[in-house]
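Asker: File data-v1.txt below, compact mmCIF, C-alpha atoms and all ligand atoms:
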```txt
# COMPACT_ATOMS: atom_id res chain seq x y z
CA MET A 495 154.79 111.99 -163.94
CA ILE A 496 154.72 115.74 -163.42
CA PRO A 497 157.64 117.48 -165.10
CA PHE A 498 159.75 119.43 -162.68
CA ARG A 499 162.29 122.14 -163.22
CA ASP A 500 165.70 121.36 -161.88
CA THR A 501 166.09 124.66 -160.06
CA TYR A 502 168.66 122.96 -157.88
CA ARG A 503 171.14 123.23 -160.69
CA ASP A 504 171.70 126.94 -160.32
CA ILE A 505 170.11 128.18 -157.15
CA PRO A 506 171.46 127.30 -153.73
CA LEU A 507 168.16 126.69 -151.96
CA TYR A 508 167.42 126.74 -148.26
CA SER A 509 170.16 124.76 -146.62
CA PRO A 510 170.94 125.55 -143.03
CA ALA A 511 174.17 123.68 -143.44
CA LYS A 512 177.47 124.99 -144.62
CA LYS A 513 177.36 124.35 -148.33
CA PRO A 514 174.25 124.07 -150.50
CA CYS A 515 173.45 120.58 -151.73
CA ARG A 516 172.30 119.78 -155.22
CA VAL A 517 169.36 117.77 -153.93
CA ASP A 518 167.64 119.38 -150.96
CA LEU A 519 165.03 117.17 -149.31
CA SER A 520 165.22 119.02 -146.01
CA ASP A 521 162.34 121.49 -145.93
CA ASN A 522 159.16 119.64 -147.02
CA THR A 523 158.45 122.03 -149.89
CA ASN A 524 156.91 121.05 -153.24
CA LEU A 525 159.92 119.54 -154.98
CA PHE A 526 158.13 119.77 -158.34
CA GLY A 527 158.62 123.54 -158.10
CA ALA A 528 156.32 126.57 -158.24
CA PRO A 529 152.85 126.56 -159.83
CA PRO A 530 152.57 127.33 -163.57
CA SER A 531 150.50 130.50 -163.05
CA ALA A 532 153.37 132.05 -161.08
CA ASP A 533 155.48 132.25 -164.21
CA ARG A 534 152.78 134.18 -166.06
CA VAL A 535 151.95 136.56 -163.20
CA LEU A 536 155.58 137.42 -162.61
CA ARG A 537 156.22 138.05 -166.29
CA GLU A 538 153.02 139.96 -167.06
CA GLU A 539 152.42 141.89 -163.84
CA GLY A 540 155.56 141.60 -161.78
CA PHE A 541 157.37 144.75 -162.81
CA LEU A 542 154.20 146.86 -162.90
CA ARG A 543 153.37 146.07 -159.30
CA LEU A 544 156.71 146.95 -157.80
CA ALA A 545 156.44 150.70 -157.32
CA ARG A 546 153.16 150.79 -155.35
CA TYR A 547 152.00 149.36 -152.04
CA PRO A 548 149.59 146.47 -152.04
CA ALA A 549 146.19 147.11 -150.44
CA GLY A 550 146.36 146.84 -146.64
CA TYR A 551 145.14 143.62 -145.03
CA ALA A 552 145.35 141.70 -148.32
CA PRO A 553 141.69 141.85 -149.48
CA ASP A 554 142.34 140.05 -152.80
CA LEU A 555 144.19 137.22 -151.10
CA LYS A 556 141.51 136.90 -148.43
CA ARG A 557 138.82 136.66 -151.11
CA ALA A 558 140.79 133.97 -152.97
CA VAL A 559 141.40 131.99 -149.77
CA ALA A 560 137.73 132.30 -148.76
CA SER A 561 136.58 130.98 -152.10
CA TYR A 562 139.17 128.14 -152.10
CA ALA A 563 138.32 127.15 -148.51
CA GLY A 564 134.55 127.57 -148.88
CA VAL A 565 134.25 130.18 -146.11
CA SER A 566 133.48 133.92 -145.88
CA VAL A 567 136.15 136.61 -146.02
CA GLU A 568 135.42 137.37 -142.32
CA ASN A 569 136.66 133.85 -141.51
CA VAL A 570 140.10 134.47 -143.04
CA THR A 571 143.32 135.99 -141.82
CA THR A 572 146.61 135.88 -143.72
CA GLY A 573 150.25 136.31 -142.86
CA CYS A 574 153.85 136.26 -144.01
CA GLY A 575 153.85 132.48 -144.06
CA SER A 576 151.69 130.45 -141.68
CA ASP A 577 154.55 130.95 -139.22
CA ASP A 578 153.39 134.53 -138.98
CA VAL A 579 149.73 133.60 -138.53
CA ILE A 580 150.79 131.32 -135.66
CA ASP A 581 152.92 134.10 -134.16
CA CYS A 582 150.04 136.59 -134.41
CA ALA A 583 147.66 134.09 -132.79
CA LEU A 584 150.05 133.53 -129.88
CA ARG A 585 150.26 137.27 -129.31
CA ALA A 586 146.51 137.78 -129.83
CA PHE A 587 145.35 135.25 -127.25
CA LEU A 588 148.16 135.13 -124.68
CA GLU A 589 149.89 137.56 -122.33
CA PRO A 590 153.58 137.36 -121.39
CA GLY A 591 154.06 134.55 -118.89
CA ASP A 592 151.06 132.54 -120.17
CA VAL A 593 151.41 128.88 -121.08
CA VAL A 594 151.22 127.61 -124.65
CA ALA A 595 150.87 123.81 -124.77
CA PHE A 596 151.72 121.55 -127.71
CA PRO A 597 152.45 117.89 -128.39
CA ASP A 598 156.11 116.89 -128.42
CA PRO A 599 157.73 116.44 -130.87
CA THR A 600 156.18 119.05 -133.13
CA PHE A 601 156.98 122.08 -135.31
CA VAL A 602 160.09 123.71 -133.84
CA MET A 603 158.96 127.28 -134.52
CA VAL A 604 156.17 127.09 -131.92
CA PRO A 605 158.39 127.11 -128.81
CA LEU A 606 160.61 129.65 -130.59
CA TYR A 607 157.75 132.10 -131.20
CA ALA A 608 156.45 131.42 -127.70
CA ARG A 609 159.77 132.49 -126.20
CA LEU A 610 160.00 135.55 -128.45
CA SER A 611 156.68 136.70 -126.95
CA ALA A 612 157.77 135.82 -123.38
CA LEU A 613 155.26 132.94 -123.23
CA LYS A 614 155.87 129.66 -121.46
CA PRO A 615 156.13 126.74 -123.92
CA VAL A 616 154.90 123.49 -122.34
CA PRO A 617 155.56 120.35 -124.42
CA VAL A 618 153.31 117.34 -123.79
CA PRO A 619 154.75 114.10 -125.22
CA LEU A 620 152.76 112.39 -127.96
CA ARG A 621 151.52 108.96 -126.89
CA SER A 622 153.55 105.97 -128.05
CA ASP A 623 150.88 105.31 -130.73
CA HIS A 624 151.55 108.90 -131.98
CA GLU A 625 148.09 110.00 -130.80
CA LEU A 626 147.52 113.26 -128.90
CA ASP A 627 147.64 113.04 -125.11
CA VAL A 628 144.40 114.99 -124.81
CA ASP A 629 144.22 114.84 -121.01
CA GLY A 630 147.88 115.87 -120.72
CA LEU A 631 147.30 118.87 -123.01
CA LEU A 632 144.16 119.91 -121.11
CA ALA A 633 145.93 119.49 -117.75
CA THR A 634 148.33 122.33 -118.67
CA GLY A 635 145.37 124.73 -118.46
CA ALA A 636 146.84 126.57 -121.48
CA LYS A 637 144.66 129.27 -123.03
CA LEU A 638 146.14 128.29 -126.39
CA ILE A 639 146.88 124.71 -127.38
CA TYR A 640 148.77 124.12 -130.63
CA VAL A 641 148.28 120.88 -132.56
CA CYS A 642 149.95 120.10 -135.87
CA THR A 643 148.31 117.45 -138.06
CA PRO A 644 149.85 115.90 -140.08
CA ASN A 645 152.55 116.58 -137.55
CA ASN A 646 155.98 117.89 -138.45
CA PRO A 647 158.37 116.11 -138.00
CA THR A 648 156.62 112.77 -137.35
CA GLY A 649 154.17 112.87 -140.27
CA THR A 650 151.57 111.23 -138.05
CA VAL A 651 147.98 112.49 -137.79
CA ALA A 652 145.69 113.25 -134.88
CA SER A 653 142.45 111.27 -134.84
CA ARG A 654 139.20 113.17 -135.25
CA ALA A 655 137.92 111.75 -131.95
CA ALA A 656 140.95 113.02 -130.00
CA LEU A 657 140.92 116.41 -131.69
CA GLU A 658 137.18 116.94 -131.18
CA ARG A 659 137.48 116.04 -127.50
CA LEU A 660 140.38 118.45 -127.14
CA VAL A 661 138.54 121.26 -128.92
CA ASP A 662 135.32 120.73 -126.98
CA SER A 663 137.04 120.56 -123.57
CA ALA A 664 139.77 123.21 -124.04
CA PRO A 665 139.43 126.35 -121.91
CA GLY A 666 140.71 128.54 -124.76
CA VAL A 667 141.81 128.45 -128.36
CA VAL A 668 143.00 125.34 -130.21
CA LEU A 669 145.24 126.21 -133.15
CA ILE A 670 145.32 123.36 -135.65
CA ASP A 671 148.30 123.67 -137.99
CA GLN A 672 147.44 121.97 -141.27
CA ALA A 673 150.51 122.94 -143.31
CA TYR A 674 150.53 119.43 -144.81
CA VAL A 675 146.79 118.76 -145.13
CA GLU A 676 146.92 118.41 -148.92
CA PHE A 677 148.84 115.14 -148.50
CA THR A 678 146.39 113.47 -146.09
CA ARG A 679 143.71 110.89 -146.79
CA ASP A 680 140.95 112.25 -144.56
CA GLY A 681 142.85 114.53 -142.20
CA ASP A 682 141.21 117.84 -143.15
CA PHE A 683 139.86 119.65 -140.08
CA LEU A 684 138.72 122.88 -141.70
CA ASP A 685 135.18 121.91 -140.68
CA LEU A 686 136.17 122.40 -137.03
CA ALA A 687 137.19 125.98 -137.83
CA ARG A 688 133.75 126.48 -139.40
CA THR A 689 131.73 124.95 -136.59
CA ARG A 690 133.65 125.62 -133.36
CA PRO A 691 134.14 129.11 -131.89
CA ASN A 692 137.60 128.31 -130.49
CA VAL A 693 139.40 126.71 -133.46
CA LEU A 694 141.87 128.45 -135.75
CA VAL A 695 143.12 126.27 -138.62
CA THR A 696 146.31 127.48 -140.28
CA ARG A 697 147.35 126.59 -143.82
CA THR A 698 150.17 127.62 -146.11
CA MET A 699 151.10 128.27 -149.73
CA SER A 700 154.62 127.00 -148.90
CA LYS A 701 154.18 123.24 -149.12
CA ALA A 702 151.82 121.63 -151.66
CA PHE A 703 151.33 124.94 -153.53
CA GLY A 704 155.06 125.30 -154.14
CA LEU A 705 155.41 128.92 -153.03
CA ALA A 706 157.63 128.79 -149.94
CA GLY A 707 159.77 131.66 -151.23
CA LEU A 708 156.74 133.97 -151.32
CA ARG A 709 155.93 133.67 -147.60
CA VAL A 710 152.14 133.43 -147.75
CA GLY A 711 150.04 131.59 -145.19
CA TRP A 712 146.49 131.86 -143.92
CA GLY A 713 144.20 130.99 -141.08
CA VAL A 714 140.48 130.23 -140.88
CA GLY A 715 138.26 130.55 -137.83
CA ALA A 716 135.11 132.12 -136.46
CA PRO A 717 134.87 135.85 -137.35
CA SER A 718 135.33 136.92 -133.70
CA LEU A 719 138.42 134.72 -133.36
CA VAL A 720 139.89 135.97 -136.64
CA ALA A 721 139.20 139.57 -135.61
CA GLU A 722 141.41 139.04 -132.54
CA VAL A 723 144.24 137.62 -134.66
CA GLU A 724 143.92 140.56 -137.04
CA LYS A 725 144.49 142.97 -134.13
CA ALA A 726 147.94 141.43 -133.71
CA ARG A 727 148.63 141.69 -137.45
CA GLY A 728 150.05 144.68 -139.28
CA PRO A 729 148.45 145.75 -142.60
CA TYR A 730 151.35 144.95 -144.94
CA LYS A 731 152.25 141.32 -144.40
CA HIS A 732 152.58 140.45 -148.08
CA THR A 733 154.40 141.90 -151.01
CA ALA A 734 152.22 142.94 -153.96
CA LEU A 735 153.87 140.19 -155.99
CA GLY A 736 153.38 137.59 -153.30
CA GLU A 737 149.71 138.38 -153.04
CA ALA A 738 149.16 138.33 -156.83
CA VAL A 739 150.99 135.02 -157.30
CA ALA A 740 149.18 133.38 -154.39
CA VAL A 741 145.79 134.53 -155.70
CA ALA A 742 146.57 133.08 -159.13
CA ALA A 743 147.71 129.76 -157.65
CA LEU A 744 144.58 129.42 -155.51
CA THR A 745 142.30 130.10 -158.45
CA GLU A 746 144.13 128.47 -161.38
CA ASP A 747 146.50 125.83 -160.08
CA VAL A 748 144.51 123.68 -157.68
CA ALA A 749 144.52 120.72 -160.09
CA TRP A 750 148.29 121.09 -160.60
CA MET A 751 148.79 121.22 -156.81
CA GLU A 752 146.66 118.11 -156.33
CA ALA A 753 148.60 116.22 -158.99
CA CYS A 754 151.93 117.16 -157.34
CA ALA A 755 150.60 116.10 -153.94
CA ALA A 756 149.35 112.77 -155.30
CA GLU A 757 152.71 112.01 -156.88
CA ALA A 758 154.60 113.04 -153.72
CA VAL A 759 152.39 110.67 -151.70
CA GLU A 760 152.90 107.85 -154.20
CA ASN A 761 156.67 108.35 -154.04
CA ARG A 762 156.57 108.63 -150.25
CA GLU A 763 155.12 105.12 -150.11
CA ARG A 764 157.68 103.91 -152.63
CA LEU A 765 160.46 105.36 -150.48
CA ARG A 766 158.92 103.79 -147.38
CA GLY A 767 159.06 100.38 -149.07
CA ALA A 768 162.68 100.90 -150.10
CA LEU A 769 163.69 102.00 -146.59
CA LYS A 770 161.89 99.06 -145.02
CA ALA A 771 163.77 96.76 -147.36
CA LEU A 772 166.95 98.26 -145.89
CA GLY A 773 165.74 97.25 -142.41
CA LEU A 774 164.63 100.75 -141.36
CA ALA A 775 161.26 101.61 -139.80
CA PRO A 776 159.91 104.95 -141.08
CA LEU A 777 156.93 106.32 -139.13
CA PRO A 778 153.51 106.17 -140.82
CA SER A 779 153.31 109.55 -142.55
CA GLU A 780 150.48 111.54 -144.13
CA GLY A 781 152.78 114.42 -145.04
CA ASN A 782 155.13 114.86 -148.00
CA PHE A 783 157.99 113.54 -145.91
CA LEU A 784 159.07 110.49 -143.94
CA LEU A 785 160.62 110.46 -140.50
CA VAL A 786 163.12 107.64 -140.32
CA PRO A 787 164.60 106.73 -136.94
CA VAL A 788 168.33 106.02 -137.36
CA PRO A 789 171.02 105.82 -134.71
CA GLU A 790 173.66 108.53 -135.04
CA ALA A 791 171.49 110.57 -137.39
CA ARG A 792 174.00 113.42 -137.54
CA ARG A 793 176.71 111.16 -138.91
CA VAL A 794 174.33 109.65 -141.48
CA GLY A 795 173.11 113.12 -142.47
CA GLU A 796 176.69 114.24 -143.00
CA ALA A 797 177.43 111.19 -145.15
CA LEU A 798 174.41 112.06 -147.31
CA ARG A 799 175.63 115.64 -147.59
CA GLU A 800 178.94 114.36 -148.88
CA ARG A 801 176.86 112.87 -151.70
CA ASN A 802 175.15 116.22 -152.29
CA VAL A 803 171.84 115.26 -150.65
CA ASN A 804 170.47 117.34 -147.79
CA VAL A 805 167.95 115.83 -145.37
CA ARG A 806 166.84 117.18 -141.99
CA VAL A 807 168.64 115.66 -139.01
CA PHE A 808 166.95 115.35 -135.61
CA GLU A 809 168.74 114.24 -132.49
CA GLY A 810 167.01 112.90 -129.39
CA LEU A 811 163.41 113.51 -130.49
CA THR A 812 160.96 112.68 -127.71
CA GLY A 813 159.69 109.11 -128.15
CA VAL A 814 161.70 108.64 -131.36
CA GLY A 815 165.39 109.34 -130.67
CA ASP A 816 167.68 110.24 -133.55
CA ALA A 817 165.99 110.45 -136.95
CA LEU A 818 166.20 111.78 -140.48
CA ARG A 819 163.30 113.58 -142.13
CA ILE A 820 163.26 113.07 -145.88
CA GLY A 821 161.11 115.23 -148.16
CA CYS A 822 159.16 113.50 -150.96
CA GLY A 823 158.65 114.70 -154.51
CA PRO A 824 159.89 113.60 -157.94
CA TRP A 825 161.33 110.10 -157.70
CA PRO A 826 164.68 110.93 -159.36
CA MET A 827 165.41 113.38 -156.54
CA MET A 828 164.41 110.95 -153.81
CA ALA A 829 166.32 108.09 -155.34
CA SER A 830 169.51 110.08 -154.79
CA ALA A 831 168.97 109.70 -151.03
CA LEU A 832 168.97 105.92 -151.46
CA LYS A 833 172.03 105.46 -153.64
N1 LIG B 901 153.69 124.61 -139.90
C1 LIG B 901 154.44 123.55 -140.11
C2 LIG B 901 154.04 122.28 -139.48
C3 LIG B 901 155.58 123.60 -140.92
O1 LIG B 901 156.32 122.52 -141.10
C4 LIG B 901 155.92 124.83 -141.50
C5 LIG B 901 157.14 124.99 -142.37
N2 LIG B 901 158.20 124.24 -142.09
C6 LIG B 901 155.10 125.91 -141.23
C7 LIG B 901 154.00 125.79 -140.44
C8 LIG B 901 155.42 127.27 -141.73
O2 LIG B 901 155.32 127.40 -143.05
P1 LIG B 901 155.20 128.82 -143.72
O3 LIG B 901 155.56 129.86 -142.70
O4 LIG B 901 156.13 128.79 -144.84
O5 LIG B 901 153.76 128.93 -144.11
```
Re-express the file's structure as structure tokens.
Ligand code: PMP

Answerer:
Amino acid sequence: MIPFRDTYRDIPLYSPAKKPCRVDLSDNTNLFGAPPSADRVLREEGFLRLARYPAGYAPDLKRAVASYAGVSVENVTTGCGSDDVIDCALRAFLEPGDVVAFPDPTFVMVPLYARLSALKPVPVPLRSDHELDVDGLLATGAKLIYVCTPNNPTGTVASRAALERLVDSAPGVVLIDQAYVEFTRDGDFLDLARTRPNVLVTRTMSKAFGLAGLRVGWGVGAPSLVAEVEKARGPYKHTALGEAVAVAALTEDVAWMEACAAEAVENRERLRGALKALGLAPLPSEGNFLLVPVPEARRVGEALRERNVNVRVFEGLTGVGDALRIGCGPWPMMASALK
């Protein structure tokens, strides 16, 4: 078991709800905490870096990402969270009024960013087997199609066959959001970003790497594609501290990250078993979370909050209905959702 720091004791973490909960399983972060190297970098370099700007366009971070991902620096863009990389891509490839298509349900920020840039979000329901409706997505004619795999909030994955057909038939860019790739069995599609001219894969330091508070994300694609995204990106997307901590994590803490991810996956399956024993039917997930359809999810979510446990409530999700999304990490934290 990986030791984890009980930061929940003192710090009210992200909780959209009224009062912070002691156990917050709502945001799919690494519940084991931040990577060990972060402690050292903040102590040894933190103060020294504060007074000066970081280098524009994050060259150190891009080098670290390139080396971690096995690509060249020209294949890499970075942003203030992968949210920001997605936002920049929407603005880089689409004009106001253009359609952005995505499977439904998926990551809620995509239609939000689409609207902020005056784009037209067009949801295309996932098939009942949770597979992409490739023909439906193509039929929108969108110049940018967004696909999240493993998908938030369902946890389900797109098949390689469906994704390759989509990528090879799409009239424009396919953005593959892999925020949760570290938790998958064989769901890594970085190879498509290396081999196809129209694929941008986005990744983040916020989930498996335990650095959501830093706001560091990245994207990989063909150099010409990345150059377009960079045109929509300002030079100073990261703090000097954020960049230094992310670089250290990518170079020193990969084994730690993998161990956290493995334990989160193990505990996800343990939770799935426990929920099934209660007569519930969680969706098959390859993320660090489970989506559990429950009638009257809001009421159940509020009852959990009364017991100091915060999970994410969804109402009326397409093809699912009401559901709770429960983040997975150290078992003692997850067990509190079961009590
Ligand atoms: N993509 C997906 C699917 C997510 O769930 C999230 C975070 N909830 C993000 C992207 C954004 O993460 P960040 O901006 O922290 O990199």

Asker: Which one is closest to ligand LIG 901 (chain B): A:Asn802, A:Lys725, A:Val695, A:Asp521? Count all atoms listed in the file.

Answerer: A:Asp521

Asker: Select, from A:Cys822, A:Met495, A:Leu542, A:Leu519, the residue with the minimum atom-to-atom distance to A:Val807, counting only C-alpha atoms.

Answerer: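 Ranked by minimum distance to A:Val807, first place goes to A:Leu519.
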
Asker: Hey, can I get the axis-aligned box for ligand LIG 901 (chain B)? All listed atoms, 6 Å padding on each side, centre and edge lengths in Å to one decimal, as AutoDock Vina command-line options.

Answerer:
```
--center_x 155.9 --center_y 126.1 --center_z -142.2 --size_x 16.5 --size_y 19.6 --size_z 17.4
```

Asker: Using all atoms listed in the file, what table do you get, as a tab-separated table, when you list each residue of chain A with an atom no more than 9 Å from ligand LIG 901 (chain B), its nearest pair of atoms, and their distance in Å rounded to one decimal, rows by chain then rising number?

Answerer:
```
residue	atom	partner	partner_atom	distance
A:Asp521	CA	B:LIG901	N2	6.3
A:Asn522	CA	B:LIG901	N2	6.8
A:Thr523	CA	B:LIG901	N2	8.1
A:Gly573	CA	B:LIG901	O5	8.3
A:Cys574	CA	B:LIG901	O3	6.8
A:Gly575	CA	B:LIG901	O3	3.4
A:Ser576	CA	B:LIG901	O5	3.5
A:Asp577	CA	B:LIG901	O3	3.8
A:Asp578	CA	B:LIG901	O3	6.4
A:Val579	CA	B:LIG901	O3	8.1
A:Ile580	CA	B:LIG901	C7	8.0
A:Thr600	CA	B:LIG901	C2	7.4
A:Phe601	CA	B:LIG901	C2	5.1
A:Val602	CA	B:LIG901	O1	8.3
A:Met603	CA	B:LIG901	C6	7.9
A:Val604	CA	B:LIG901	N1	8.7
A:Cys642	CA	B:LIG901	C2	5.9
A:Thr643	CA	B:LIG901	C2	7.6
A:Pro644	CA	B:LIG901	C2	7.7
A:Asn645	CA	B:LIG901	C2	6.2
A:Asn646	CA	B:LIG901	C2	4.9
A:Pro647	CA	B:LIG901	O1	7.4
A:Asp671	CA	B:LIG901	N1	5.8
A:Gln672	CA	B:LIG901	C2	6.8
A:Ala673	CA	B:LIG901	N1	5.0
A:Tyr674	CA	B:LIG901	C2	7.0
A:Thr696	CA	B:LIG901	C7	7.9
A:Arg697	CA	B:LIG901	O5	6.8
A:Thr698	CA	B:LIG901	O5	4.3
A:Met699	CA	B:LIG901	O5	6.3
A:Ser700	CA	B:LIG901	O4	4.7
A:Lys701	CA	B:LIG901	O4	7.3
A:Leu705	CA	B:LIG901	O4	8.2
A:Ala706	CA	B:LIG901	O4	5.3
A:Gly707	CA	B:LIG901	O4	7.9
A:Leu708	CA	B:LIG901	O4	8.3
A:Arg709	CA	B:LIG901	O4	5.6
A:Val710	CA	B:LIG901	O5	6.0
A:Gly711	CA	B:LIG901	O5	4.7
A:Trp712	CA	B:LIG901	O5	7.8
```

Asker: In Å, how far is it from atom CA of A:Leu818 to atom CA of A:Leu785?

Answerer: 5.7 Å

Asker: Up to 9 Å from (169.9, 119.5, -138.2) in the file's coordinates: name the residues, counting only C-alpha atoms, as number ranges by chain.

Answerer: A: 510-511, 792, 795, 805-809, 818

Asker: Kindly reconstruct stretch 607-633 of chain A with N, CA and C atoms and present the result as a PDB file, in the coordinates of the input.

Answerer:
```pdb
ATOM      1  N   TYR A 607     158.620 130.921-131.238  1.00  0.00           N
ATOM      2  CA  TYR A 607     157.750 132.100-131.200  1.00  0.00           C
ATOM      3  C   TYR A 607     157.210 132.340-129.796  1.00  0.00           C
ATOM      4  N   ALA A 608     156.947 131.262-129.074  1.00  0.00           N
ATOM      5  CA  ALA A 608     156.450 131.420-127.700  1.00  0.00           C
ATOM      6  C   ALA A 608     157.473 132.197-126.889  1.00  0.00           C
ATOM      7  N   ARG A 609     158.724 131.801-126.986  1.00  0.00           N
ATOM      8  CA  ARG A 609     159.770 132.490-126.200  1.00  0.00           C
ATOM      9  C   ARG A 609     159.930 133.934-126.641  1.00  0.00           C
ATOM     10  N   LEU A 610     159.849 134.173-127.961  1.00  0.00           N
ATOM     11  CA  LEU A 610     160.000 135.550-128.450  1.00  0.00           C
ATOM     12  C   LEU A 610     158.918 136.472-127.868  1.00  0.00           C
ATOM     13  N   SER A 611     157.752 135.889-127.540  1.00  0.00           N
ATOM     14  CA  SER A 611     156.680 136.700-126.950  1.00  0.00           C
ATOM     15  C   SER A 611     156.599 136.513-125.448  1.00  0.00           C
ATOM     16  N   ALA A 612     157.684 136.000-124.841  1.00  0.00           N
ATOM     17  CA  ALA A 612     157.770 135.820-123.380  1.00  0.00           C
ATOM     18  C   ALA A 612     156.666 134.905-122.851  1.00  0.00           C
ATOM     19  N   LEU A 613     156.251 133.927-123.671  1.00  0.00           N
ATOM     20  CA  LEU A 613     155.260 132.940-123.230  1.00  0.00           C
ATOM     21  C   LEU A 613     156.001 131.726-122.688  1.00  0.00           C
ATOM     22  N   LYS A 614     155.244 130.831-122.037  1.00  0.00           N
ATOM     23  CA  LYS A 614     155.870 129.660-121.460  1.00  0.00           C
ATOM     24  C   LYS A 614     155.508 128.434-122.306  1.00  0.00           C
ATOM     25  N   PRO A 615     156.451 127.916-123.116  1.00  0.00           N
ATOM     26  CA  PRO A 615     156.130 126.740-123.920  1.00  0.00           C
ATOM     27  C   PRO A 615     156.099 125.479-123.054  1.00  0.00           C
ATOM     28  N   VAL A 616     155.008 124.726-123.133  1.00  0.00           N
ATOM     29  CA  VAL A 616     154.900 123.490-122.340  1.00  0.00           C
ATOM     30  C   VAL A 616     154.659 122.304-123.284  1.00  0.00           C
ATOM     31  N   PRO A 617     155.720 121.520-123.549  1.00  0.00           N
ATOM     32  CA  PRO A 617     155.560 120.350-124.420  1.00  0.00           C
ATOM     33  C   PRO A 617     154.891 119.199-123.675  1.00  0.00           C
ATOM     34  N   VAL A 618     153.983 118.512-124.363  1.00  0.00           N
ATOM     35  CA  VAL A 618     153.310 117.340-123.790  1.00  0.00           C
ATOM     36  C   VAL A 618     153.575 116.164-124.731  1.00  0.00           C
ATOM     37  N   PRO A 619     154.354 115.166-124.283  1.00  0.00           N
ATOM     38  CA  PRO A 619     154.750 114.100-125.220  1.00  0.00           C
ATOM     39  C   PRO A 619     153.566 113.457-125.925  1.00  0.00           C
ATOM     40  N   LEU A 620     153.743 113.202-127.215  1.00  0.00           N
ATOM     41  CA  LEU A 620     152.760 112.390-127.960  1.00  0.00           C
ATOM     42  C   LEU A 620     152.721 111.007-127.323  1.00  0.00           C
ATOM     43  N   ARG A 621     151.578 110.339-127.402  1.00  0.00           N
ATOM     44  CA  ARG A 621     151.520 108.960-126.890  1.00  0.00           C
ATOM     45  C   ARG A 621     152.376 108.055-127.782  1.00  0.00           C
ATOM     46  N   SER A 622     152.655 106.849-127.274  1.00  0.00           N
ATOM     47  CA  SER A 622     153.550 105.970-128.050  1.00  0.00           C
ATOM     48  C   SER A 622     152.890 105.523-129.367  1.00  0.00           C
ATOM     49  N   ASP A 623     151.538 105.619-129.444  1.00  0.00           N
ATOM     50  CA  ASP A 623     150.880 105.310-130.730  1.00  0.00           C
ATOM     51  C   ASP A 623     150.749 106.568-131.598  1.00  0.00           C
ATOM     52  N   HIS A 624     151.497 107.624-131.237  1.00  0.00           N
ATOM     53  CA  HIS A 624     151.550 108.900-131.980  1.00  0.00           C
ATOM     54  C   HIS A 624     150.248 109.694-131.864  1.00  0.00           C
ATOM     55  N   GLU A 625     149.346 109.270-130.984  1.00  0.00           N
ATOM     56  CA  GLU A 625     148.090 110.000-130.800  1.00  0.00           C
ATOM     57  C   GLU A 625     148.313 111.126-129.792  1.00  0.00           C
ATOM     58  N   LEU A 626     147.432 112.149-129.856  1.00  0.00           N
ATOM     59  CA  LEU A 626     147.520 113.260-128.900  1.00  0.00           C
ATOM     60  C   LEU A 626     147.244 112.760-127.486  1.00  0.00           C
ATOM     61  N   ASP A 627     147.974 113.275-126.508  1.00  0.00           N
ATOM     62  CA  ASP A 627     147.640 113.040-125.110  1.00  0.00           C
ATOM     63  C   ASP A 627     146.672 114.161-124.705  1.00  0.00           C
ATOM     64  N   VAL A 628     145.402 113.934-124.987  1.00  0.00           N
ATOM     65  CA  VAL A 628     144.400 114.990-124.810  1.00  0.00           C
ATOM     66  C   VAL A 628     144.340 115.431-123.348  1.00  0.00           C
ATOM     67  N   ASP A 629     144.316 114.469-122.429  1.00  0.00           N
ATOM     68  CA  ASP A 629     144.220 114.840-121.010  1.00  0.00           C
ATOM     69  C   ASP A 629     145.467 115.615-120.576  1.00  0.00           C
ATOM     70  N   GLY A 630     146.632 115.169-121.066  1.00  0.00           N
ATOM     71  CA  GLY A 630     147.880 115.870-120.720  1.00  0.00           C
ATOM     72  C   GLY A 630     147.855 117.312-121.231  1.00  0.00           C
ATOM     73  N   LEU A 631     147.364 117.511-122.449  1.00  0.00           N
ATOM     74  CA  LEU A 631     147.300 118.870-123.010  1.00  0.00           C
ATOM     75  C   LEU A 631     146.319 119.731-122.211  1.00  0.00           C
ATOM     76  N   LEU A 632     145.170 119.146-121.859  1.00  0.00           N
ATOM     77  CA  LEU A 632     144.160 119.910-121.110  1.00  0.00           C
ATOM     78  C   LEU A 632     144.668 120.241-119.707  1.00  0.00           C
ATOM     79  N   ALA A 633     145.447 119.294-119.128  1.00  0.00           N
ATOM     80  CA  ALA A 633     145.930 119.490-117.750  1.00  0.00           C
ATOM     81  C   ALA A 633     146.880 120.688-117.629  1.00  0.00           C
TER      82      ALA A 633
END
```
